[in-house]
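To start, the structure under review is shown below, and the notes come after it.
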Amino acid sequence: MYVQSVFVKNYRNLKEQTVVLKNGLNVFCGLNAQGKTNFLECLVLSSLGKTPKSDKDRDIINWNEKSATIKTNVCTVNTKSQIEIKLTKGEKKRVATNGMPIAKIGELLGWLNVIYFSPAEIDVIREGPDERRRFMDIDLCQTDKNYFYTLGRYNKILNQRNNLIKKENNNKNLAEMLSIWDRQLAKEGAKLFLKRLDFIQKISPVACEIHKHLTSGKECLDVVYQSEMQGTTKQEAEEFLAKKLADTFEKQQKLGFTTSGVHRDDIKFAIDGVDIRKFGSQGQQRTAALALKLAEVKLLHDTVGEYPVLLLDDVFSEIDETRQKQLLKYTKNIQTIIATPKFDKSLTGGIPFNSFEVSNGEIKQI
């Protein structure tokens with residue numbers, strides 16, 4: 001899978017233009033705040049229907065304009081397609097694939113798979129569990145639309161259940177009222193739990209192997225899914241969560257929210273047995289996050305049969321030359337789009353690449 005070209009108009013500071021990409025390495029150079037990251041964001045938006053920063057649509061339209069347009073032409077082994085996104089201030093975002101409007105963002109998933117890595121992605125290691133659940137959800141949603149819709153149902157049920165706890169906190173029949181939501185929450189939660197567990201069990205050994213290469217075999221990374229959920233079948237996991245919700249009713253009533261479920265899960269990252277979420281150096285955390293992203297690339301390939309597009313935003317300034325070269329080795333068979341202030345072409349080992357200069361919202365091939 002690769003992006004053949006992108007037409008963009010009024011997305012943040014990007015001027016109206018069409019950018020033609022190589023099915024291989026593409027390097028975008030320029031000073032800060034010129035539009036490099038904005039171009040990568042266009043591709044994430046075309047893939048997931050939202051930007052990495054989850055900005056409101058009106059905030060990503062050029063300040064002086066009323067609307068923005070992105071048309072992304074994508075090629076796979078067997079097909080060519082176009083994803084069009086139209087953003088208009090005061091209106092709902094419009095998305096179309098091959099000229100046909102889609103009603104739900106879930107219908108966009110899978111048309112273009114991307115893996116996005118920026119210095120901020122280190123947050124998956126050092127920040128709270130929300131970031132790590134988000135990491136799992138984004139990957140699983142790209143390859144499994146059922147997961148996307150299950151996640152949406154789970155979050156809706158969870159919000160309704162929490163609202164009921166707050167609204168009827170002093171109602172003596174609250175436990176009975178919650179039991180209706182408990183069954184639904186357990187049903188959807190069990191599906192998410194088993195999908196996430198399988199995902200982490202698959203990605204952990206791949207990330208470990210990549211991490212060994214990035215560190216020249218000096219460190220060993222382990223990725224472990226942490227959940228109070230138990231069970232190896234949907235029925236077992238569903239029964240476990242339903243019982244847990246019932247058993248902790250008084251605690252939930254006291255705190256005013258649902259204290260059990262997959263919305264509380266986490267991922268542990270350890271190097272040589274040490275939890276790097278708390279005790280790892282910034283270098284260790286960054287390398288682990290990078291290994292995880294590269295493992296996502298392989299896992300997506302194994303799942304859908306094609307490599308995703310790899311987007312690297314200003315990552316070379318964060319890692320040493322040895323790891324830069326190791327990173328580029330993994331991009332040999334993958335369309336890779338790099339945004340960086342400057343680029344040393346010797347890092348590629350002679351591999352040809354497209355080079356672009358970005359200045360004041362204009363992208364020119366050089």
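Chains: A, B, ... in order of the structure tokens. Residues: from 1 per chain. Ligands: from 1, in order shown.
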Using only C-alpha atoms, what table do you get, as JSON lines, when you list each residue of region 239-321 of chain A with an atom no more than 8 Å from region 160-173 of chain A, its nearest pair of atoms, and their distance in Å rounded to one decimal, rows by chain then rising number?
```
{"residue": "A:Gln252", "atom": "CA", "partner": "A:Ile165", "partner_atom": "CA", "distance": 7.8}
{"residue": "A:Gln253", "atom": "CA", "partner": "A:Asn169", "partner_atom": "CA", "distance": 6.3}
{"residue": "A:Gly256", "atom": "CA", "partner": "A:Lys166", "partner_atom": "CA", "distance": 5.6}
{"residue": "A:Phe257", "atom": "CA", "partner": "A:Asn162", "partner_atom": "CA", "distance": 5.1}
{"residue": "A:Thr258", "atom": "CA", "partner": "A:Asn162", "partner_atom": "CA", "distance": 6.1}
```
Output C-alpha atoms for every residue in the selection just made, as a PDB file, in the first residue's frame.
```
ATOM      1  CA  GLN A 252     -18.532   2.453  42.537  1.00  0.00           C
ATOM      2  CA  GLN A 253     -21.423   4.101  44.348  1.00  0.00           C
ATOM      3  CA  GLY A 256     -19.394   7.871  41.514  1.00  0.00           C
ATOM      4  CA  PHE A 257     -18.047   6.000  38.470  1.00  0.00           C
ATOM      5  CA  THR A 258     -17.398   2.535  37.025  1.00  0.00           C
TER       6      THR A 258
END
```
Non-local contacts of Asp302 (chain A) (12 Å; only C-alpha atoms; under 5 positions in same chain excluded) as a PyMOL selection string
chain A and resi 143+199+202-203+206+295-297+307-308
Based on the selection just made, write C-alpha atoms of those residues as a PDB file, in the first residue's frame.
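Saved to out-v7.pdb:
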```pdb
ATOM      1  CA  THR A 143      -7.501  -3.672  10.831  1.00  0.00           C
ATOM      2  CA  PHE A 199      -2.775  -7.962  19.813  1.00  0.00           C
ATOM      3  CA  LYS A 202       1.507 -10.819  18.853  1.00  0.00           C
ATOM      4  CA  ILE A 203       3.278  -7.467  18.924  1.00  0.00           C
ATOM      5  CA  VAL A 206       8.167  -8.491  17.225  1.00  0.00           C
ATOM      6  CA  ALA A 295       6.445  -3.644  15.204  1.00  0.00           C
ATOM      7  CA  GLU A 296       3.068  -2.132  14.304  1.00  0.00           C
ATOM      8  CA  VAL A 297       4.223  -1.943  10.688  1.00  0.00           C
ATOM      9  CA  TYR A 307       2.576  -2.748   4.526  1.00  0.00           C
ATOM     10  CA  PRO A 308       1.080   0.479   5.867  1.00  0.00           C
TER      11      PRO A 308
END
```
Check region 115-335 of chain A with DSSP on the backbone and list each residue it calls strand (DSSP E or B), as number ranges by chain.
A: 115-117, 221-226, 266-271, 274-275, 309-313
Just to be explicit: take each residue in the selection above, keep N, CA and C atoms, and write the result as a compact mmCIF listing (two decimals), in the first residue's frame.
```txt
# COMPACT_ATOMS: atom_id res chain seq x y z
N ILE A 115 1.14 4.31 9.91
CA ILE A 115 1.75 4.30 11.24
C ILE A 115 2.47 5.63 11.39
N TYR A 116 2.08 6.41 12.38
CA TYR A 116 2.62 7.77 12.58
C TYR A 116 3.50 7.80 13.81
N PHE A 117 4.72 8.33 13.63
CA PHE A 117 5.64 8.43 14.77
C PHE A 117 6.24 9.82 14.82
N LEU A 221 13.50 -5.89 25.43
CA LEU A 221 12.21 -5.24 25.71
C LEU A 221 11.11 -6.28 25.87
N ASP A 222 10.26 -6.07 26.85
CA ASP A 222 9.10 -6.94 27.04
C ASP A 222 7.85 -6.07 27.14
N VAL A 223 6.81 -6.45 26.40
CA VAL A 223 5.55 -5.70 26.38
C VAL A 223 4.45 -6.61 26.91
N VAL A 224 3.77 -6.18 27.98
CA VAL A 224 2.79 -7.05 28.66
C VAL A 224 1.47 -6.30 28.83
N TYR A 225 0.39 -6.95 28.46
CA TYR A 225 -0.95 -6.38 28.66
C TYR A 225 -1.35 -6.56 30.12
N GLN A 226 -1.76 -5.48 30.76
CA GLN A 226 -2.17 -5.52 32.17
C GLN A 226 -3.66 -5.24 32.27
N ASP A 266 -4.04 -1.42 30.97
CA ASP A 266 -2.77 -0.75 30.76
C ASP A 266 -1.81 -1.70 30.04
N ILE A 267 -0.65 -1.18 29.66
CA ILE A 267 0.43 -1.98 29.07
C ILE A 267 1.70 -1.70 29.86
N LYS A 268 2.41 -2.75 30.19
CA LYS A 268 3.70 -2.60 30.88
C LYS A 268 4.83 -2.75 29.87
N PHE A 269 5.79 -1.83 29.94
CA PHE A 269 7.00 -1.90 29.11
C PHE A 269 8.19 -2.08 30.04
N ALA A 270 8.92 -3.16 29.85
CA ALA A 270 10.06 -3.43 30.72
C ALA A 270 11.30 -3.72 29.88
N ILE A 271 12.44 -3.21 30.31
CA ILE A 271 13.72 -3.51 29.70
C ILE A 271 14.57 -4.25 30.72
N VAL A 274 13.06 -4.19 34.13
CA VAL A 274 12.81 -2.90 34.79
C VAL A 274 11.70 -2.15 34.07
N ASP A 275 10.70 -1.72 34.82
CA ASP A 275 9.56 -0.99 34.27
C ASP A 275 10.02 0.39 33.81
N VAL A 309 1.67 2.77 5.34
CA VAL A 309 2.57 3.88 5.07
C VAL A 309 3.16 4.34 6.40
N LEU A 310 4.48 4.48 6.43
CA LEU A 310 5.16 4.88 7.67
C LEU A 310 5.45 6.38 7.62
N LEU A 311 4.96 7.10 8.62
CA LEU A 311 5.15 8.55 8.72
C LEU A 311 6.06 8.86 9.89
N LEU A 312 7.20 9.47 9.62
CA LEU A 312 8.19 9.78 10.66
C LEU A 312 8.35 11.29 10.76
N ASP A 313 7.91 11.85 11.86
CA ASP A 313 7.90 13.31 12.04
C ASP A 313 9.00 13.73 13.01
```
Can you pull out every residue within 12 Å of Asp272 (chain A), counting only C-alpha atoms, but drop anything in the same chain fewer than 4 positions away, and send it as a JSON list (two decimals) with N, CA and C atoms, in the first residue's frame?
```json
[["chain", "number", "residue", "atom", "x", "y", "z"],
["A", 208, "CYS", "N", 10.24, -6.80, 20.58],
["A", 208, "CYS", "CA", 11.45, -7.24, 21.28],
["A", 208, "CYS", "C", 12.60, -7.46, 20.29],
["A", 211, "HIS", "N", 13.74, -4.12, 18.85],
["A", 211, "HIS", "CA", 14.44, -3.38, 19.89],
["A", 211, "HIS", "C", 15.87, -3.88, 20.04],
["A", 212, "LYS", "N", 16.07, -5.18, 19.91],
["A", 212, "LYS", "CA", 17.42, -5.74, 19.99],
["A", 212, "LYS", "C", 18.31, -5.18, 18.88],
["A", 217, "GLY", "N", 21.60, -5.35, 20.40],
["A", 217, "GLY", "CA", 21.52, -6.52, 21.26],
["A", 217, "GLY", "C", 21.83, -6.27, 22.72],
["A", 218, "LYS", "N", 21.93, -5.01, 23.14],
["A", 218, "LYS", "CA", 22.32, -4.68, 24.51],
["A", 218, "LYS", "C", 21.16, -4.71, 25.50],
["A", 219, "GLU", "N", 19.93, -4.58, 24.99],
["A", 219, "GLU", "CA", 18.77, -4.53, 25.88],
["A", 219, "GLU", "C", 17.66, -5.43, 25.36],
["A", 220, "CYS", "N", 16.82, -5.91, 26.27],
["A", 220, "CYS", "CA", 15.71, -6.78, 25.91],
["A", 220, "CYS", "C", 14.39, -6.14, 26.37],
["A", 221, "LEU", "N", 13.50, -5.89, 25.43],
["A", 221, "LEU", "CA", 12.21, -5.24, 25.71],
["A", 221, "LEU", "C", 11.11, -6.28, 25.87],
["A", 222, "ASP", "N", 10.26, -6.07, 26.85],
["A", 222, "ASP", "CA", 9.10, -6.94, 27.04],
["A", 222, "ASP", "C", 7.85, -6.07, 27.14],
["A", 223, "VAL", "N", 6.81, -6.45, 26.40],
["A", 223, "VAL", "CA", 5.55, -5.70, 26.38],
["A", 223, "VAL", "C", 4.45, -6.61, 26.91],
["A", 276, "ILE", "N", 10.10, 0.59, 32.49],
["A", 276, "ILE", "CA", 10.63, 1.86, 31.98],
["A", 276, "ILE", "C", 9.60, 2.98, 31.97],
["A", 279, "PHE", "N", 10.98, 4.03, 35.54],
["A", 279, "PHE", "CA", 12.40, 4.05, 35.84],
["A", 279, "PHE", "C", 13.30, 4.09, 34.61],
["A", 280, "GLY", "N", 12.73, 4.15, 33.42],
["A", 280, "GLY", "CA", 13.55, 4.18, 32.21],
["A", 280, "GLY", "C", 14.05, 5.57, 31.90],
["A", 284, "GLN", "N", 15.85, 5.31, 26.61],
["A", 284, "GLN", "CA", 15.24, 3.98, 26.63],
["A", 284, "GLN", "C", 13.77, 4.06, 26.24]]
```
What's the 9 Å shell around Arg183 (chain A), counting only C-alpha atoms, without same-chain residues fewer than 6 positions away, as a PDB file with N, CA and C atoms, in the first residue's frame?
```
ATOM      1  N   GLU A 238     -16.677 -12.401  29.869  1.00  0.00           N
ATOM      2  CA  GLU A 238     -17.950 -11.709  30.105  1.00  0.00           C
ATOM      3  C   GLU A 238     -18.458 -11.992  31.512  1.00  0.00           C
ATOM      4  N   GLU A 239     -18.411 -13.233  31.920  1.00  0.00           N
ATOM      5  CA  GLU A 239     -18.869 -13.607  33.270  1.00  0.00           C
ATOM      6  C   GLU A 239     -17.990 -12.969  34.338  1.00  0.00           C
ATOM      7  N   LEU A 241     -16.278 -10.084  34.167  1.00  0.00           N
ATOM      8  CA  LEU A 241     -16.543  -8.656  34.307  1.00  0.00           C
ATOM      9  C   LEU A 241     -17.902  -8.393  34.943  1.00  0.00           C
ATOM     10  N   ALA A 242     -18.893  -9.166  34.574  1.00  0.00           N
ATOM     11  CA  ALA A 242     -20.224  -8.985  35.160  1.00  0.00           C
ATOM     12  C   ALA A 242     -20.182  -9.191  36.668  1.00  0.00           C
TER      13      ALA A 242
END
```
Would you mind listing what lies within 9 Å of Asn13 (chain A) as a VMD selection string, with only C-alpha atoms counted and same-chain residues fewer than 2 positions away left out?
chain A and resid 10 to 11 15 33 to 35 38 60 to 63 360 to 362
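Computed from the coordinates, the CA of Ala96 (chain A) to CA of Val8 (chain A) distance equals 15.0 Å.
Residues in contact with Gln142 (chain A) at up to 8 Å, not including ones fewer than 4 positions away on its chain and judged by only C-alpha atoms, are A:Leu48, A:Leu109, A:Gly110, A:Asn113, A:Ile138.
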Those residues with N, CA and C atoms, as a JSON list (two decimals), in the first residue's frame please?
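Output saved as part-v9.json:
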```
[["chain", "number", "residue", "atom", "x", "y", "z"],
["A", 48, "LEU", "N", -7.58, 7.89, 9.39],
["A", 48, "LEU", "CA", -8.38, 7.66, 10.60],
["A", 48, "LEU", "C", -9.59, 8.59, 10.74],
["A", 109, "LEU", "N", -12.01, 3.37, 7.64],
["A", 109, "LEU", "CA", -10.90, 2.56, 8.12],
["A", 109, "LEU", "C", -10.55, 1.44, 7.15],
["A", 110, "GLY", "N", -9.26, 1.31, 6.88],
["A", 110, "GLY", "CA", -8.78, 0.26, 5.99],
["A", 110, "GLY", "C", -8.48, 0.73, 4.58],
["A", 113, "ASN", "N", -3.91, 2.61, 5.47],
["A", 113, "ASN", "CA", -3.33, 2.32, 6.79],
["A", 113, "ASN", "C", -2.01, 3.07, 6.96],
["A", 138, "ILE", "N", -6.15, 2.40, 18.19],
["A", 138, "ILE", "CA", -5.90, 2.90, 16.84],
["A", 138, "ILE", "C", -5.47, 1.76, 15.92]]
```
Taking the DSSP secondary structure from the backbone, can you list the residues of region 93-182 of chain A that are alpha helix (DSSP H), as a short mmCIF file (atom, residue, chain, number, x, y, z; two decimals) with N, CA and C atoms, in the first residue's frame?
```
data_model
loop_
_atom_site.label_atom_id
_atom_site.label_comp_id
_atom_site.auth_asym_id
_atom_site.auth_seq_id
_atom_site.Cartn_x
_atom_site.Cartn_y
_atom_site.Cartn_z
N ASP A 123 4.95 9.48 24.52
CA ASP A 123 3.91 9.52 25.55
C ASP A 123 3.29 8.15 25.80
N VAL A 124 3.33 7.28 24.79
CA VAL A 124 2.76 5.94 24.97
C VAL A 124 3.50 5.19 26.07
N ILE A 125 4.75 5.57 26.32
CA ILE A 125 5.54 4.95 27.38
C ILE A 125 5.41 5.71 28.69
N ARG A 126 5.64 7.03 28.64
CA ARG A 126 5.83 7.76 29.90
C ARG A 126 4.56 8.39 30.47
N PRO A 129 -2.16 5.57 31.42
CA PRO A 129 -2.75 4.44 30.70
C PRO A 129 -3.62 4.84 29.52
N ASP A 130 -4.21 6.03 29.54
CA ASP A 130 -5.05 6.49 28.43
C ASP A 130 -4.29 6.43 27.11
N GLU A 131 -3.02 6.87 27.14
CA GLU A 131 -2.21 6.88 25.92
C GLU A 131 -1.96 5.46 25.42
N ARG A 132 -1.77 4.52 26.32
CA ARG A 132 -1.48 3.14 25.91
C ARG A 132 -2.73 2.43 25.40
N ARG A 133 -3.87 2.74 25.98
CA ARG A 133 -5.12 2.18 25.43
C ARG A 133 -5.41 2.78 24.06
N ARG A 134 -5.10 4.05 23.90
CA ARG A 134 -5.30 4.72 22.60
C ARG A 134 -4.43 4.06 21.55
N PHE A 135 -3.21 3.72 21.90
CA PHE A 135 -2.30 3.04 20.97
C PHE A 135 -2.90 1.73 20.49
N MET A 136 -3.41 0.92 21.41
CA MET A 136 -4.03 -0.36 21.02
C MET A 136 -5.25 -0.13 20.15
N ASP A 137 -6.08 0.82 20.56
CA ASP A 137 -7.34 1.04 19.85
C ASP A 137 -7.12 1.51 18.41
N ILE A 138 -6.15 2.40 18.19
CA ILE A 138 -5.90 2.90 16.84
C ILE A 138 -5.47 1.76 15.92
N ASP A 139 -4.55 0.92 16.40
CA ASP A 139 -4.09 -0.20 15.58
C ASP A 139 -5.20 -1.18 15.28
N LEU A 140 -5.94 -1.54 16.29
CA LEU A 140 -7.00 -2.54 16.11
C LEU A 140 -8.14 -2.00 15.25
N CYS A 141 -8.44 -0.72 15.37
CA CYS A 141 -9.51 -0.14 14.56
C CYS A 141 -9.14 -0.13 13.07
N GLN A 142 -7.84 0.06 12.75
CA GLN A 142 -7.42 0.09 11.36
C GLN A 142 -7.59 -1.26 10.67
N THR A 143 -7.47 -2.34 11.44
CA THR A 143 -7.50 -3.67 10.83
C THR A 143 -8.78 -4.44 11.12
N LYS A 145 -12.84 -3.54 11.69
CA LYS A 145 -13.96 -2.61 11.85
C LYS A 145 -14.91 -3.04 12.96
N ASN A 146 -15.02 -4.35 13.19
CA ASN A 146 -15.86 -4.82 14.30
C ASN A 146 -15.35 -4.29 15.64
N TYR A 147 -14.03 -4.24 15.76
CA TYR A 147 -13.44 -3.69 16.99
C TYR A 147 -13.84 -2.21 17.14
N PHE A 148 -13.76 -1.46 16.04
CA PHE A 148 -14.11 -0.04 16.06
C PHE A 148 -15.53 0.16 16.57
N TYR A 149 -16.47 -0.61 16.04
CA TYR A 149 -17.87 -0.45 16.44
C TYR A 149 -18.11 -0.98 17.86
N THR A 150 -17.40 -2.04 18.25
CA THR A 150 -17.52 -2.56 19.61
C THR A 150 -17.01 -1.53 20.61
N LEU A 151 -15.89 -0.89 20.29
CA LEU A 151 -15.33 0.14 21.16
C LEU A 151 -16.31 1.30 21.33
N GLY A 152 -16.95 1.69 20.23
CA GLY A 152 -17.93 2.76 20.30
C GLY A 152 -19.11 2.40 21.19
N ARG A 153 -19.59 1.16 21.07
CA ARG A 153 -20.72 0.71 21.91
C ARG A 153 -20.29 0.66 23.38
N TYR A 154 -19.09 0.15 23.63
CA TYR A 154 -18.61 0.04 25.02
C TYR A 154 -18.54 1.43 25.67
N ASN A 155 -17.97 2.38 24.97
CA ASN A 155 -17.83 3.73 25.55
C ASN A 155 -19.18 4.39 25.77
N LYS A 156 -20.12 4.14 24.88
CA LYS A 156 -21.47 4.71 25.04
C LYS A 156 -22.16 4.10 26.27
N ILE A 157 -22.06 2.79 26.41
CA ILE A 157 -22.67 2.12 27.57
C ILE A 157 -22.01 2.59 28.86
N LEU A 158 -20.69 2.72 28.83
CA LEU A 158 -19.94 3.16 30.01
C LEU A 158 -20.39 4.56 30.44
N ASN A 159 -20.54 5.47 29.49
CA ASN A 159 -20.98 6.83 29.81
C ASN A 159 -22.38 6.83 30.39
N GLN A 160 -23.26 6.01 29.82
CA GLN A 160 -24.63 5.95 30.34
C GLN A 160 -24.65 5.36 31.74
N ARG A 161 -23.83 4.37 31.97
CA ARG A 161 -23.76 3.74 33.30
C ARG A 161 -23.22 4.73 34.34
N ASN A 162 -22.17 5.46 33.97
CA ASN A 162 -21.60 6.45 34.89
C ASN A 162 -22.59 7.56 35.20
N ASN A 163 -23.32 8.00 34.18
CA ASN A 163 -24.33 9.04 34.40
C ASN A 163 -25.42 8.56 35.35
N LEU A 164 -25.79 7.29 35.24
CA LEU A 164 -26.81 6.73 36.12
C LEU A 164 -26.31 6.68 37.56
N ILE A 165 -25.06 6.29 37.75
CA ILE A 165 -24.48 6.24 39.11
C ILE A 165 -24.53 7.62 39.75
N LYS A 166 -24.19 8.65 38.99
CA LYS A 166 -24.18 10.00 39.54
C LYS A 166 -25.61 10.51 39.79
N LYS A 167 -26.49 10.25 38.85
CA LYS A 167 -27.85 10.78 38.94
C LYS A 167 -28.67 10.08 40.02
N LEU A 174 -30.51 1.31 43.00
CA LEU A 174 -29.46 1.59 42.02
C LEU A 174 -28.78 0.32 41.51
N ALA A 175 -28.49 -0.61 42.43
CA ALA A 175 -27.80 -1.85 42.03
C ALA A 175 -28.62 -2.61 40.98
N GLU A 176 -29.92 -2.68 41.17
CA GLU A 176 -30.78 -3.37 40.23
C GLU A 176 -30.84 -2.61 38.90
N MET A 177 -30.86 -1.29 38.98
CA MET A 177 -30.90 -0.47 37.77
C MET A 177 -29.61 -0.64 36.95
N LEU A 178 -28.49 -0.77 37.65
CA LEU A 178 -27.20 -0.91 36.97
C LEU A 178 -27.03 -2.29 36.32
N SER A 179 -27.73 -3.28 36.83
CA SER A 179 -27.55 -4.63 36.33
C SER A 179 -27.86 -4.74 34.83
N ILE A 180 -28.77 -3.89 34.35
CA ILE A 180 -29.10 -3.88 32.93
C ILE A 180 -27.89 -3.45 32.11
N TRP A 181 -27.21 -2.39 32.58
CA TRP A 181 -26.03 -1.89 31.89
C TRP A 181 -24.85 -2.85 32.07
N ASP A 182 -24.80 -3.51 33.23
CA ASP A 182 -23.68 -4.42 33.51
C ASP A 182 -23.58 -5.53 32.47
#
```
Using only C-alpha atoms for the distances, tell me which of A:Gly128, A:Ala246, A:Leu21, A:Met1 is nearest to Ile338 (chain A).
A:Leu21
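Note that the spacing between CA of Phe356 (chain A) and CA of Cys29 (chain A) amounts to 6.1 Å.
Counting only C-alpha atoms and comparing A:Ala120, A:Ala207, A:Ile83, A:Val3, the residue that lies closest to Pro101 (chain A) is A:Ile83.
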